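Text of target.cif (mmCIF, C-alpha atoms) as supplied:
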```cif
data_final
#
loop_
_atom_site.label_atom_id
_atom_site.label_comp_id
_atom_site.auth_asym_id
_atom_site.auth_seq_id
_atom_site.Cartn_x
_atom_site.Cartn_y
_atom_site.Cartn_z
CA MET L 270 0.00 0.00 0.00
CA LYS L 271 1.28 3.46 -0.92
CA ILE L 272 0.14 7.01 -0.13
CA THR L 273 -1.09 8.75 -3.27
CA ASN L 274 -2.52 12.08 -2.11
CA LEU L 275 -3.06 14.48 0.80
CA GLU L 276 -6.01 16.88 0.67
CA THR L 277 -6.94 19.56 3.22
CA PHE L 278 -10.33 21.15 3.92
CA HIS L 279 -10.90 24.31 5.97
CA VAL L 280 -14.30 23.76 7.56
CA LYS L 281 -16.50 25.88 9.79
CA PRO L 282 -16.29 27.11 12.46
CA ARG L 283 -12.44 27.05 12.65
CA TRP L 284 -11.23 23.53 11.87
CA MET L 285 -9.16 21.85 9.19
CA PHE L 286 -9.58 18.25 8.06
CA LEU L 287 -7.04 16.14 6.19
CA LYS L 288 -7.76 13.21 3.85
CA ILE L 289 -4.92 10.84 2.97
CA SER L 290 -5.58 8.52 0.02
CA THR L 291 -3.80 5.31 -0.93
CA ASP L 292 -3.40 3.20 -4.06
CA GLU L 293 -5.57 0.47 -2.53
CA GLY L 294 -8.57 2.75 -2.04
CA VAL L 295 -8.25 2.95 1.75
CA CYS L 296 -8.48 6.56 2.95
CA GLY L 297 -7.74 8.05 6.35
CA TRP L 298 -8.87 11.27 8.01
CA GLY L 299 -7.15 13.52 10.52
CA GLU L 300 -7.55 16.99 12.00
CA PRO L 301 -4.27 18.93 11.63
CA ILE L 302 -5.02 22.36 13.02
CA LEU L 303 -3.50 25.09 15.13
CA GLU L 304 -6.19 27.55 16.10
CA GLY L 305 -5.56 30.85 14.32
CA ARG L 306 -2.77 29.39 12.19
CA ALA L 307 -4.60 26.90 9.98
CA LYS L 308 -3.07 28.12 6.74
CA THR L 309 0.41 27.92 8.22
CA VAL L 310 -0.19 24.30 9.22
CA GLU L 311 -1.57 23.64 5.74
CA ALA L 312 1.68 24.97 4.27
CA ALA L 313 3.65 22.62 6.54
CA ILE L 314 1.57 19.68 5.31
CA ASN L 315 2.33 20.58 1.71
CA GLU L 316 6.04 20.79 2.53
CA LEU L 317 5.90 17.20 3.77
CA ARG L 318 4.24 15.86 0.62
CA PRO L 319 7.56 14.65 -0.87
CA VAL L 320 8.18 12.62 2.30
CA LEU L 321 4.72 11.02 2.27
CA ILE L 322 3.68 10.49 -1.34
CA GLY L 323 4.69 6.96 -2.28
CA ALA L 324 5.39 5.96 1.32
CA ASP L 325 3.87 2.95 3.08
CA PRO L 326 1.14 4.37 5.41
CA MET L 327 1.39 1.33 7.69
CA ARG L 328 4.85 2.42 8.91
CA ILE L 329 3.43 5.07 11.24
CA GLU L 330 6.29 5.35 13.74
CA HIS L 331 8.88 5.43 10.97
CA LEU L 332 7.01 8.18 9.12
CA TRP L 333 6.55 10.14 12.39
CA GLN L 334 10.28 10.01 13.04
CA THR L 335 11.01 10.98 9.44
CA MET L 336 8.70 14.01 9.59
CA TYR L 337 9.88 15.14 13.02
CA CYS L 338 13.59 14.33 13.15
CA THR L 339 14.85 15.00 9.62
CA THR L 340 13.90 18.70 9.60
CA PHE L 341 16.86 19.51 11.94
CA TYR L 342 14.75 22.24 13.66
CA ARG L 343 12.43 20.00 15.61
CA GLY L 344 9.11 20.50 17.29
CA GLY L 345 7.04 23.59 17.82
CA PRO L 346 3.28 24.07 17.47
CA ILE L 347 3.18 24.28 13.66
CA LEU L 348 5.20 21.17 12.87
CA THR L 349 3.71 18.98 15.59
CA SER L 350 0.14 20.04 14.74
CA CYS L 351 0.86 19.17 11.11
CA ILE L 352 2.33 15.80 12.10
CA SER L 353 -0.53 15.13 14.53
CA GLY L 354 -3.21 15.31 11.85
CA ILE L 355 -1.16 13.21 9.46
CA GLU L 356 -0.54 10.62 12.18
CA GLN L 357 -4.26 10.40 12.97
CA ALA L 358 -5.03 9.75 9.30
CA LEU L 359 -2.32 7.08 9.11
CA TRP L 360 -3.81 5.26 12.12
CA ASP L 361 -7.23 5.54 10.47
CA ILE L 362 -5.82 3.86 7.36
CA LYS L 363 -4.03 1.14 9.30
CA GLY L 364 -7.05 0.33 11.44
CA LYS L 365 -9.30 0.15 8.39
CA ALA L 366 -6.83 -2.04 6.52
CA LEU L 367 -6.65 -4.46 9.46
CA GLY L 368 -10.36 -4.20 10.32
CA VAL L 369 -9.88 -3.06 13.94
CA PRO L 370 -10.18 0.17 15.97
CA VAL L 371 -6.94 2.04 16.59
CA TYR L 372 -7.07 1.29 20.31
CA GLU L 373 -6.82 -2.43 19.58
CA LEU L 374 -3.42 -1.73 18.02
CA LEU L 375 -2.31 0.19 21.13
CA GLY L 376 -2.98 -2.44 23.77
CA GLY L 377 -6.76 -2.78 23.73
CA ARG L 378 -9.43 -1.13 25.80
CA CYS L 379 -9.02 -0.29 29.47
CA ARG L 380 -12.64 0.80 30.03
CA ASP L 381 -16.20 0.23 28.86
CA LYS L 382 -17.21 3.89 28.47
CA ILE L 383 -15.51 7.27 28.35
CA ARG L 384 -16.37 10.09 30.72
CA ILE L 385 -16.84 13.53 29.18
CA TYR L 386 -16.88 17.05 30.59
CA SER L 387 -18.43 20.03 28.86
CA HIS L 388 -17.81 23.75 28.88
CA CYS L 389 -20.13 26.00 30.87
CA GLY L 390 -20.19 29.77 30.59
CA GLY L 391 -22.21 32.59 32.08
CA ALA L 392 -21.75 36.34 32.47
CA THR L 393 -23.24 36.46 35.98
CA PRO L 394 -23.36 34.00 38.89
CA ALA L 395 -27.06 33.40 38.24
CA GLU L 396 -26.52 32.77 34.54
CA ALA L 397 -23.54 30.49 35.16
CA ALA L 398 -25.51 28.54 37.75
CA GLU L 399 -28.42 28.12 35.37
CA ASN L 400 -26.13 26.93 32.57
CA ALA L 401 -24.50 24.47 34.95
CA LYS L 402 -27.89 23.06 35.90
CA LYS L 403 -28.65 22.57 32.20
CA ARG L 404 -25.44 20.62 31.74
CA LYS L 405 -26.33 18.48 34.76
CA ALA L 406 -29.79 17.86 33.29
CA GLN L 407 -28.07 16.72 30.07
CA GLY L 408 -26.32 14.05 32.11
CA PHE L 409 -22.91 15.62 32.63
CA ASP L 410 -21.36 15.16 36.06
CA ALA L 411 -18.37 17.37 35.19
CA ILE L 412 -18.14 20.86 33.67
CA LYS L 413 -15.47 23.49 33.12
CA ILE L 414 -15.58 27.25 33.50
CA SER L 415 -13.12 30.11 32.96
CA PRO L 416 -12.60 33.43 34.75
CA ASP L 417 -13.58 36.55 32.83
CA ALA L 418 -10.89 38.10 30.64
CA PRO L 419 -8.82 40.16 30.50
CA VAL L 420 -7.27 39.91 33.96
CA GLU L 421 -4.93 42.59 35.25
CA HIS L 422 -1.50 41.51 36.50
CA ILE L 423 -2.69 42.03 40.07
CA ASP L 424 -6.41 42.61 39.82
CA LYS L 425 -8.73 44.16 42.38
CA LEU L 426 -10.35 42.40 45.32
CA SER L 427 -13.67 42.93 43.55
CA TYR L 428 -12.46 40.70 40.69
CA VAL L 429 -11.45 37.91 43.07
CA ASP L 430 -14.74 38.16 44.97
CA ALA L 431 -16.78 38.13 41.73
CA PHE L 432 -15.02 35.00 40.47
CA ALA L 433 -15.41 33.21 43.79
CA GLU L 434 -19.09 34.21 43.90
CA LYS L 435 -19.65 32.71 40.45
CA PHE L 436 -17.89 29.46 41.38
CA CYS L 437 -19.85 29.26 44.63
CA ALA L 438 -23.13 29.80 42.76
CA ILE L 439 -22.32 26.95 40.39
CA ARG L 440 -21.38 24.65 43.25
CA GLN L 441 -24.63 25.43 45.06
CA ALA L 442 -26.60 24.86 41.86
CA VAL L 443 -25.15 21.44 40.99
CA GLY L 444 -24.34 20.07 44.43
CA LYS L 445 -21.43 17.90 45.53
CA ASP L 446 -21.77 15.18 42.91
CA VAL L 447 -20.73 17.30 39.93
CA ASP L 448 -17.08 18.12 39.31
CA ILE L 449 -16.22 21.71 38.37
CA ALA L 450 -12.92 22.32 36.62
CA VAL L 451 -11.50 25.80 36.02
CA ASP L 452 -9.44 26.90 33.04
CA PHE L 453 -7.26 29.93 33.82
CA HIS L 454 -6.14 29.74 30.16
CA GLY L 455 -2.66 30.98 31.01
CA ARG L 456 -4.10 34.49 31.12
CA ILE L 457 -3.20 35.17 34.75
CA MET L 458 0.10 36.17 36.36
CA ALA L 459 1.57 34.04 39.15
CA GLY L 460 0.61 36.21 42.13
CA MET L 461 -2.95 36.61 40.93
CA ALA L 462 -3.29 32.90 40.11
CA SER L 463 -2.55 31.90 43.69
CA ARG L 464 -5.10 34.38 45.03
CA LEU L 465 -7.82 33.08 42.70
CA ILE L 466 -7.08 29.46 43.56
CA ASP L 467 -7.22 30.25 47.28
CA ALA L 468 -10.59 31.96 46.78
CA ILE L 469 -12.25 28.94 45.14
CA GLU L 470 -10.44 26.14 46.97
CA PRO L 471 -13.21 25.77 49.61
CA TYR L 472 -15.65 24.83 46.81
CA TYR L 473 -13.56 21.85 45.66
CA PRO L 474 -12.43 22.50 42.08
CA MET L 475 -11.75 19.33 40.09
CA PHE L 476 -8.57 20.96 38.77
CA VAL L 477 -7.20 24.34 37.74
CA GLU L 478 -5.94 24.34 34.18
CA GLU L 479 -3.00 26.48 33.07
CA PRO L 480 -2.88 28.68 36.20
CA VAL L 481 0.00 30.42 34.42
CA LEU L 482 1.50 30.06 30.97
CA PRO L 483 3.34 26.73 30.61
CA GLU L 484 6.61 28.22 29.37
CA ASN L 485 8.10 28.46 32.87
CA VAL L 486 7.45 25.10 34.49
CA GLU L 487 9.14 26.10 37.76
CA VAL L 488 6.58 28.85 38.35
CA MET L 489 3.71 26.42 37.74
CA ALA L 490 5.36 23.95 40.12
CA SER L 491 5.56 26.62 42.82
CA ILE L 492 1.83 27.28 42.47
CA ALA L 493 1.07 23.55 42.61
CA ALA L 494 3.09 23.22 45.82
CA LYS L 495 0.98 25.85 47.59
CA THR L 496 -2.48 24.34 47.02
CA SER L 497 -4.42 21.12 47.43
CA VAL L 498 -6.21 21.79 44.13
CA PRO L 499 -4.82 19.60 41.33
CA ILE L 500 -3.06 21.60 38.62
CA ALA L 501 -3.56 20.67 34.95
CA THR L 502 -1.57 21.65 31.88
CA GLY L 503 -0.59 20.38 28.45
CA GLU L 504 -2.58 21.87 25.59
CA ARG L 505 0.38 24.07 24.65
CA LEU L 506 3.04 21.44 25.17
CA PHE L 507 4.36 19.48 22.22
CA THR L 508 5.68 15.91 22.22
CA LYS L 509 6.81 13.77 25.10
CA TRP L 510 9.91 15.92 25.63
CA ALA L 511 7.93 18.95 26.81
CA PHE L 512 5.88 16.87 29.25
CA ARG L 513 8.99 15.37 30.84
CA THR L 514 9.84 18.63 32.62
CA VAL L 515 6.29 19.07 33.93
CA LEU L 516 6.39 15.62 35.49
CA GLU L 517 9.89 15.95 36.91
CA GLN L 518 9.06 19.32 38.48
CA HIS L 519 5.74 17.99 39.88
CA ALA L 520 4.06 20.97 38.24
CA ALA L 521 0.80 19.20 37.39
CA ALA L 522 -1.24 16.22 38.55
CA VAL L 523 -3.34 16.20 35.37
CA LEU L 524 -1.75 16.23 31.91
CA GLN L 525 -3.74 17.51 28.94
CA PRO L 526 -2.00 16.54 25.70
CA ASP L 527 -3.92 17.42 22.56
CA THR L 528 -4.05 14.72 19.87
CA CYS L 529 -4.11 17.51 17.25
CA HIS L 530 -1.08 19.36 18.63
CA CYS L 531 1.23 17.15 20.70
CA GLY L 532 2.19 14.67 17.98
CA GLY L 533 -0.88 12.49 17.55
CA ILE L 534 -2.60 9.51 19.10
CA PHE L 535 0.48 7.39 19.80
CA GLU L 536 2.28 10.38 21.28
CA VAL L 537 -0.60 10.83 23.74
CA LYS L 538 -0.22 7.17 24.64
CA LYS L 539 3.52 7.66 25.27
CA ILE L 540 2.88 10.78 27.37
CA ALA L 541 0.31 8.85 29.41
CA ALA L 542 2.87 6.11 30.06
CA MET L 543 5.31 8.73 31.36
CA ALA L 544 2.58 10.23 33.55
CA GLU L 545 1.75 6.83 34.99
CA MET L 546 5.21 6.68 36.59
CA TYR L 547 4.44 9.94 38.45
CA TYR L 548 0.90 8.91 39.45
CA ALA L 549 -0.49 11.66 37.22
CA SER L 550 -3.77 11.45 35.30
CA VAL L 551 -4.44 12.24 31.65
CA SER L 552 -7.32 14.35 30.40
CA PRO L 553 -6.82 15.04 26.68
CA HIS L 554 -7.43 18.60 25.52
CA ASN L 555 -10.08 19.00 22.81
CA PRO L 556 -11.78 22.28 21.86
CA LEU L 557 -11.94 21.20 18.21
CA GLY L 558 -13.96 19.14 15.77
CA PRO L 559 -15.31 15.61 15.43
CA ILE L 560 -12.16 14.03 13.97
CA SER L 561 -10.21 15.42 16.92
CA LEU L 562 -12.81 13.89 19.23
CA ALA L 563 -12.55 10.56 17.40
CA ALA L 564 -8.77 10.57 17.84
CA CYS L 565 -9.09 11.43 21.53
CA LEU L 566 -11.54 8.60 22.14
CA GLN L 567 -9.15 6.06 20.63
CA ALA L 568 -6.45 7.21 23.07
CA ASP L 569 -8.87 7.46 26.01
CA THR L 570 -9.98 3.88 25.54
CA CYS L 571 -6.50 2.38 25.98
CA ILE L 572 -4.92 4.72 28.58
CA PRO L 573 -5.02 3.19 32.09
CA ASN L 574 -4.57 6.56 33.86
CA PHE L 575 -7.22 8.38 31.83
CA LEU L 576 -9.30 10.83 33.90
CA ILE L 577 -11.88 12.54 31.69
CA GLN L 578 -12.26 13.83 28.13
CA GLU L 579 -12.83 17.48 27.25
CA HIS L 580 -15.69 18.24 24.85
CA PRO L 581 -16.90 21.79 24.07
CA GLY L 582 -20.56 20.84 23.84
CA MET L 583 -21.60 23.11 20.97
CA ALA L 584 -25.36 23.61 20.77
CA ASP L 585 -25.49 22.70 17.06
CA GLY L 586 -23.62 19.45 17.63
CA LEU L 587 -20.95 20.19 15.02
CA ASP L 588 -18.23 19.09 17.44
CA ARG L 589 -20.00 15.71 17.77
CA GLY L 590 -19.95 15.43 13.99
CA VAL L 591 -23.48 16.54 13.08
CA GLY L 592 -23.27 16.98 9.33
CA TYR L 593 -19.60 16.13 9.04
CA LEU L 594 -19.98 12.50 10.14
CA LYS L 595 -22.57 10.09 8.78
CA LYS L 596 -23.06 8.85 12.34
CA PRO L 597 -22.32 11.61 14.91
CA PHE L 598 -21.11 10.70 18.37
CA GLU L 599 -23.73 10.34 21.09
CA ILE L 600 -23.18 11.50 24.66
CA LYS L 601 -25.29 9.53 27.12
CA ASN L 602 -25.41 10.71 30.72
CA GLY L 603 -22.01 12.32 30.45
CA TYR L 604 -20.32 9.36 28.74
CA VAL L 605 -19.49 8.21 25.22
CA ASP L 606 -19.48 4.52 24.41
CA VAL L 607 -16.16 2.96 23.48
CA PRO L 608 -16.04 3.32 19.68
CA THR L 609 -16.63 0.29 17.50
CA GLY L 610 -15.66 -0.23 13.89
CA SER L 611 -12.24 0.19 12.33
CA GLY L 612 -9.61 2.91 12.28
CA LEU L 613 -10.94 6.02 14.01
CA CYS L 614 -14.39 4.38 13.91
CA ILE L 615 -15.97 7.27 11.98
CA GLU L 616 -17.36 7.72 8.48
CA VAL L 617 -16.79 11.23 7.18
CA ASP L 618 -19.46 12.66 4.88
CA GLU L 619 -17.07 13.97 2.28
CA ASP L 620 -19.81 15.68 0.25
CA TYR L 621 -20.90 17.62 3.32
CA VAL L 622 -17.29 18.56 4.11
CA ARG L 623 -16.73 19.85 0.58
CA GLY L 624 -19.93 21.87 0.79
CA HIS L 625 -19.06 23.58 4.08
CA THR L 626 -15.56 24.92 3.56
CA PHE L 627 -14.41 28.48 4.20
CA GLU L 628 -11.23 30.49 3.73
CA GLY L 629 -9.59 29.19 6.89
CA ASP L 630 -9.00 32.72 8.15
CA TRP L 631 -10.28 32.35 11.73
CA ASP L 632 -7.92 34.20 14.07
CA THR L 633 -7.33 34.22 17.80
CA PRO L 634 -9.11 37.03 19.70
CA ARG L 635 -6.81 39.80 20.89
CA LEU L 636 -7.37 41.30 24.33
CA PHE L 637 -5.93 44.39 25.98
CA HIS L 638 -5.66 45.69 29.54
CA THR L 639 -7.33 48.93 30.58
CA ASP L 640 -4.08 50.83 29.90
CA GLY L 641 -3.90 49.50 26.34
CA SER L 642 -1.15 46.92 26.91
CA VAL L 643 -1.54 43.39 25.57
CA ALA L 644 -3.45 40.90 27.71
CA GLN L 645 -3.41 37.11 27.41
CA TRP L 646 -6.46 35.51 25.79
#
```

Target format structure tokens, applied to this file:
Amino acid sequence: MKITNLETFHVKPRWMFLKISTDEGVCGWGEPILEGRAKTVEAAINELRPVLIGADPMRIEHLWQTMYCTTFYRGGPILTSCISGIEQALWDIKGKALGVPVYELLGGRCRDKIRIYSHCGGATPAEAAENAKKRKAQGFDAIKISPDAPVEHIDKLSYVDAFAEKFCAIRQAVGKDVDIAVDFHGRIMAGMASRLIDAIEPYYPMFVEEPVLPENVEVMASIAAKTSVPIATGERLFTKWAFRTVLEQHAAAVLQPDTCHCGGIFEVKKIAAMAEMYYASVSPHNPLGPISLAACLQADTCIPNFLIQEHPGMADGLDRGVGYLKKPFEIKNGYVDVPTGSGLCIEVDEDYVRGHTFEGDWDTPRLFHTDGSVAQW
């Protein structure tokens, strides 16, 4: 079997899909995307065409090493996002060719169903509480919220009180049997992060994600050492090498590799094996589309230290694959069944994909502090 073509599709709202074709008619799909830099990732895919066209798609590890190691300048978000989507598509091809799900090729399933958490917003405590109750009514027993942005370097007491009031309102609305995670999104400076964590700690957060940017692991480790709240990070870390430092510094108890950014499905599996040695859990990051979700579920199924899977929970169901997949994923009482079928266990509706493309020009929002200086999104 040989690879004959790679084709990319920019699809709404901000995703990019990849189709890899072979000379035996077996095709694989992946989601190679870096939010706000889709066209740059697309260019990287095209640069790798000479490496891939004519290659045997079954040699996934060999092709991964070829794409990653022979460029001399290794890693980074663009290259690893490009490789991640390609790797997903290669696993899809291999699983289809062998007639088994990807997770069967990575050790088999460790669980019978996969727990999901969904995002939950709200401008006021009352609105956030009401949205949280809706998620609970949908069957979710875990949700995630974020503090309002932008956040000043050292913000006012009123900001801390308002955030704690919102978290408290959600906790009172859903009770003690629903987990509430918090995503600081790396938008908060170290001193402010500790104050916000202290303010919500009495209400038992499931974890605090990216309390600070992940570039300085020692700072994140210092925050983790001062609180009982588990710290999570990983969506902006690429390959196993970046996660090594987080584990060695005890900076996080929950790792969040992204199958579309960190290097792909097998790389998530390797990162999870590293985390297992440090008694850390894995909760794959996923704010993206249905192929990303499909890739995550394959990893989730075979990771022994899996915690919970992120899922945005878009009202139109696009992130579950409505329209894009002939059979969208179903979330039942906060869980997704272990996928069955072969490869990624999805069937992409290629006609629908081709009919719902856009220019691929979605860009990251830009935020500014009250004095006009740049704030983190």

Per-residue nearest contacts stretch 281-397 of chain L to stretch 493-511 of chain L, cut-off 10 Å, using only C-alpha atoms, as JSON lines:
```
{"residue": "L:Gly344", "atom": "CA", "partner": "L:Phe507", "partner_atom": "CA", "distance": 6.9}
{"residue": "L:Gly345", "atom": "CA", "partner": "L:Phe507", "partner_atom": "CA", "distance": 6.6}
{"residue": "L:Pro346", "atom": "CA", "partner": "L:Phe507", "partner_atom": "CA", "distance": 6.7}
{"residue": "L:Ile347", "atom": "CA", "partner": "L:Phe507", "partner_atom": "CA", "distance": 9.9}
{"residue": "L:Leu348", "atom": "CA", "partner": "L:Phe507", "partner_atom": "CA", "distance": 9.5}
{"residue": "L:Thr349", "atom": "CA", "partner": "L:Phe507", "partner_atom": "CA", "distance": 6.7}
{"residue": "L:Ser350", "atom": "CA", "partner": "L:Phe507", "partner_atom": "CA", "distance": 8.6}
{"residue": "L:Ser353", "atom": "CA", "partner": "L:Thr508", "partner_atom": "CA", "distance": 9.9}
```

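We find atom CA of L:Pro581 and atom CA of L:Lys596 to be spaced 18.5 Å apart.
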
message = Evaluated on this file, the PyMOL selection byres ((chain L and resi 334) around 12) picks out some residues - which ones are they, written as a PyMOL selection string?
response = chain L and resi 320+328-333+335-341+343-344+349+352+356+508+532+536

remark   = Correct to one decimal, the distance atom CA of L:Leu317-atom CA of L:Ile560 is 21.0 Å

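In this comparison, which uses only C-alpha atoms, the residue of L:Ala521, L:Ala564, L:Met489, L:Cys296 approaching L:Lys538 most closely is L:Ala564.
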
message = Can you measure atom CA of L:Leu524 to atom CA of L:Arg404 for me? One decimal in Å is fine.
response = 24.1 Å

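Residue membership of the PyMOL selection byres ((chain L and resi 443) around 9) in the shown file amounts to Ala398, Ala401, Lys402, Lys405, Asp410, Ala438, Ile439, Arg440, Gln441, Ala442, Gly444, Lys445, Asp446, Val447 and Asp448 of chain L.
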
File contents for stretch 333-420 of chain L with C-alpha atoms as a PDB file, in the first residue's frame:
```
ATOM      1  CA  TRP L 333       6.551  10.141  12.390  1.00  0.00           C
ATOM      2  CA  GLN L 334      10.285  10.010  13.044  1.00  0.00           C
ATOM      3  CA  THR L 335      11.006  10.982   9.440  1.00  0.00           C
ATOM      4  CA  MET L 336       8.699  14.012   9.592  1.00  0.00           C
ATOM      5  CA  TYR L 337       9.882  15.138  13.024  1.00  0.00           C
ATOM      6  CA  CYS L 338      13.590  14.326  13.147  1.00  0.00           C
ATOM      7  CA  THR L 339      14.848  15.001   9.624  1.00  0.00           C
ATOM      8  CA  THR L 340      13.905  18.696   9.598  1.00  0.00           C
ATOM      9  CA  PHE L 341      16.860  19.509  11.938  1.00  0.00           C
ATOM     10  CA  TYR L 342      14.748  22.235  13.657  1.00  0.00           C
ATOM     11  CA  ARG L 343      12.432  19.996  15.608  1.00  0.00           C
ATOM     12  CA  GLY L 344       9.110  20.497  17.285  1.00  0.00           C
ATOM     13  CA  GLY L 345       7.036  23.592  17.817  1.00  0.00           C
ATOM     14  CA  PRO L 346       3.283  24.066  17.469  1.00  0.00           C
ATOM     15  CA  ILE L 347       3.182  24.279  13.661  1.00  0.00           C
ATOM     16  CA  LEU L 348       5.204  21.170  12.869  1.00  0.00           C
ATOM     17  CA  THR L 349       3.710  18.980  15.588  1.00  0.00           C
ATOM     18  CA  SER L 350       0.140  20.038  14.737  1.00  0.00           C
ATOM     19  CA  CYS L 351       0.864  19.171  11.115  1.00  0.00           C
ATOM     20  CA  ILE L 352       2.333  15.798  12.098  1.00  0.00           C
ATOM     21  CA  SER L 353      -0.531  15.129  14.533  1.00  0.00           C
ATOM     22  CA  GLY L 354      -3.212  15.310  11.852  1.00  0.00           C
ATOM     23  CA  ILE L 355      -1.156  13.207   9.461  1.00  0.00           C
ATOM     24  CA  GLU L 356      -0.536  10.615  12.179  1.00  0.00           C
ATOM     25  CA  GLN L 357      -4.262  10.402  12.972  1.00  0.00           C
ATOM     26  CA  ALA L 358      -5.029   9.754   9.302  1.00  0.00           C
ATOM     27  CA  LEU L 359      -2.324   7.077   9.112  1.00  0.00           C
ATOM     28  CA  TRP L 360      -3.806   5.262  12.116  1.00  0.00           C
ATOM     29  CA  ASP L 361      -7.227   5.539  10.469  1.00  0.00           C
ATOM     30  CA  ILE L 362      -5.819   3.860   7.355  1.00  0.00           C
ATOM     31  CA  LYS L 363      -4.028   1.145   9.300  1.00  0.00           C
ATOM     32  CA  GLY L 364      -7.052   0.334  11.445  1.00  0.00           C
ATOM     33  CA  LYS L 365      -9.301   0.155   8.393  1.00  0.00           C
ATOM     34  CA  ALA L 366      -6.825  -2.044   6.522  1.00  0.00           C
ATOM     35  CA  LEU L 367      -6.651  -4.462   9.458  1.00  0.00           C
ATOM     36  CA  GLY L 368     -10.355  -4.197  10.325  1.00  0.00           C
ATOM     37  CA  VAL L 369      -9.878  -3.061  13.942  1.00  0.00           C
ATOM     38  CA  PRO L 370     -10.179   0.169  15.968  1.00  0.00           C
ATOM     39  CA  VAL L 371      -6.937   2.043  16.586  1.00  0.00           C
ATOM     40  CA  TYR L 372      -7.072   1.292  20.314  1.00  0.00           C
ATOM     41  CA  GLU L 373      -6.822  -2.434  19.579  1.00  0.00           C
ATOM     42  CA  LEU L 374      -3.422  -1.727  18.018  1.00  0.00           C
ATOM     43  CA  LEU L 375      -2.307   0.194  21.130  1.00  0.00           C
ATOM     44  CA  GLY L 376      -2.980  -2.438  23.766  1.00  0.00           C
ATOM     45  CA  GLY L 377      -6.755  -2.775  23.726  1.00  0.00           C
ATOM     46  CA  ARG L 378      -9.434  -1.128  25.798  1.00  0.00           C
ATOM     47  CA  CYS L 379      -9.021  -0.290  29.471  1.00  0.00           C
ATOM     48  CA  ARG L 380     -12.638   0.796  30.029  1.00  0.00           C
ATOM     49  CA  ASP L 381     -16.196   0.232  28.865  1.00  0.00           C
ATOM     50  CA  LYS L 382     -17.209   3.888  28.465  1.00  0.00           C
ATOM     51  CA  ILE L 383     -15.508   7.272  28.351  1.00  0.00           C
ATOM     52  CA  ARG L 384     -16.367  10.089  30.724  1.00  0.00           C
ATOM     53  CA  ILE L 385     -16.841  13.532  29.179  1.00  0.00           C
ATOM     54  CA  TYR L 386     -16.877  17.049  30.593  1.00  0.00           C
ATOM     55  CA  SER L 387     -18.431  20.025  28.857  1.00  0.00           C
ATOM     56  CA  HIS L 388     -17.807  23.754  28.876  1.00  0.00           C
ATOM     57  CA  CYS L 389     -20.127  26.001  30.867  1.00  0.00           C
ATOM     58  CA  GLY L 390     -20.189  29.773  30.588  1.00  0.00           C
ATOM     59  CA  GLY L 391     -22.213  32.591  32.078  1.00  0.00           C
ATOM     60  CA  ALA L 392     -21.755  36.336  32.465  1.00  0.00           C
ATOM     61  CA  THR L 393     -23.237  36.459  35.982  1.00  0.00           C
ATOM     62  CA  PRO L 394     -23.356  34.003  38.895  1.00  0.00           C
ATOM     63  CA  ALA L 395     -27.057  33.403  38.241  1.00  0.00           C
ATOM     64  CA  GLU L 396     -26.517  32.775  34.537  1.00  0.00           C
ATOM     65  CA  ALA L 397     -23.542  30.493  35.155  1.00  0.00           C
ATOM     66  CA  ALA L 398     -25.508  28.536  37.753  1.00  0.00           C
ATOM     67  CA  GLU L 399     -28.422  28.115  35.372  1.00  0.00           C
ATOM     68  CA  ASN L 400     -26.134  26.927  32.572  1.00  0.00           C
ATOM     69  CA  ALA L 401     -24.498  24.475  34.949  1.00  0.00           C
ATOM     70  CA  LYS L 402     -27.893  23.055  35.903  1.00  0.00           C
ATOM     71  CA  LYS L 403     -28.654  22.575  32.203  1.00  0.00           C
ATOM     72  CA  ARG L 404     -25.438  20.622  31.739  1.00  0.00           C
ATOM     73  CA  LYS L 405     -26.328  18.483  34.757  1.00  0.00           C
ATOM     74  CA  ALA L 406     -29.788  17.864  33.291  1.00  0.00           C
ATOM     75  CA  GLN L 407     -28.075  16.723  30.072  1.00  0.00           C
ATOM     76  CA  GLY L 408     -26.321  14.052  32.110  1.00  0.00           C
ATOM     77  CA  PHE L 409     -22.913  15.620  32.629  1.00  0.00           C
ATOM     78  CA  ASP L 410     -21.362  15.162  36.057  1.00  0.00           C
ATOM     79  CA  ALA L 411     -18.374  17.375  35.194  1.00  0.00           C
ATOM     80  CA  ILE L 412     -18.144  20.859  33.667  1.00  0.00           C
ATOM     81  CA  LYS L 413     -15.470  23.488  33.121  1.00  0.00           C
ATOM     82  CA  ILE L 414     -15.582  27.253  33.499  1.00  0.00           C
ATOM     83  CA  SER L 415     -13.122  30.107  32.959  1.00  0.00           C
ATOM     84  CA  PRO L 416     -12.601  33.425  34.746  1.00  0.00           C
ATOM     85  CA  ASP L 417     -13.578  36.545  32.833  1.00  0.00           C
ATOM     86  CA  ALA L 418     -10.893  38.097  30.640  1.00  0.00           C
ATOM     87  CA  PRO L 419      -8.821  40.160  30.497  1.00  0.00           C
ATOM     88  CA  VAL L 420      -7.271  39.908  33.959  1.00  0.00           C
TER      89      VAL L 420
END
```
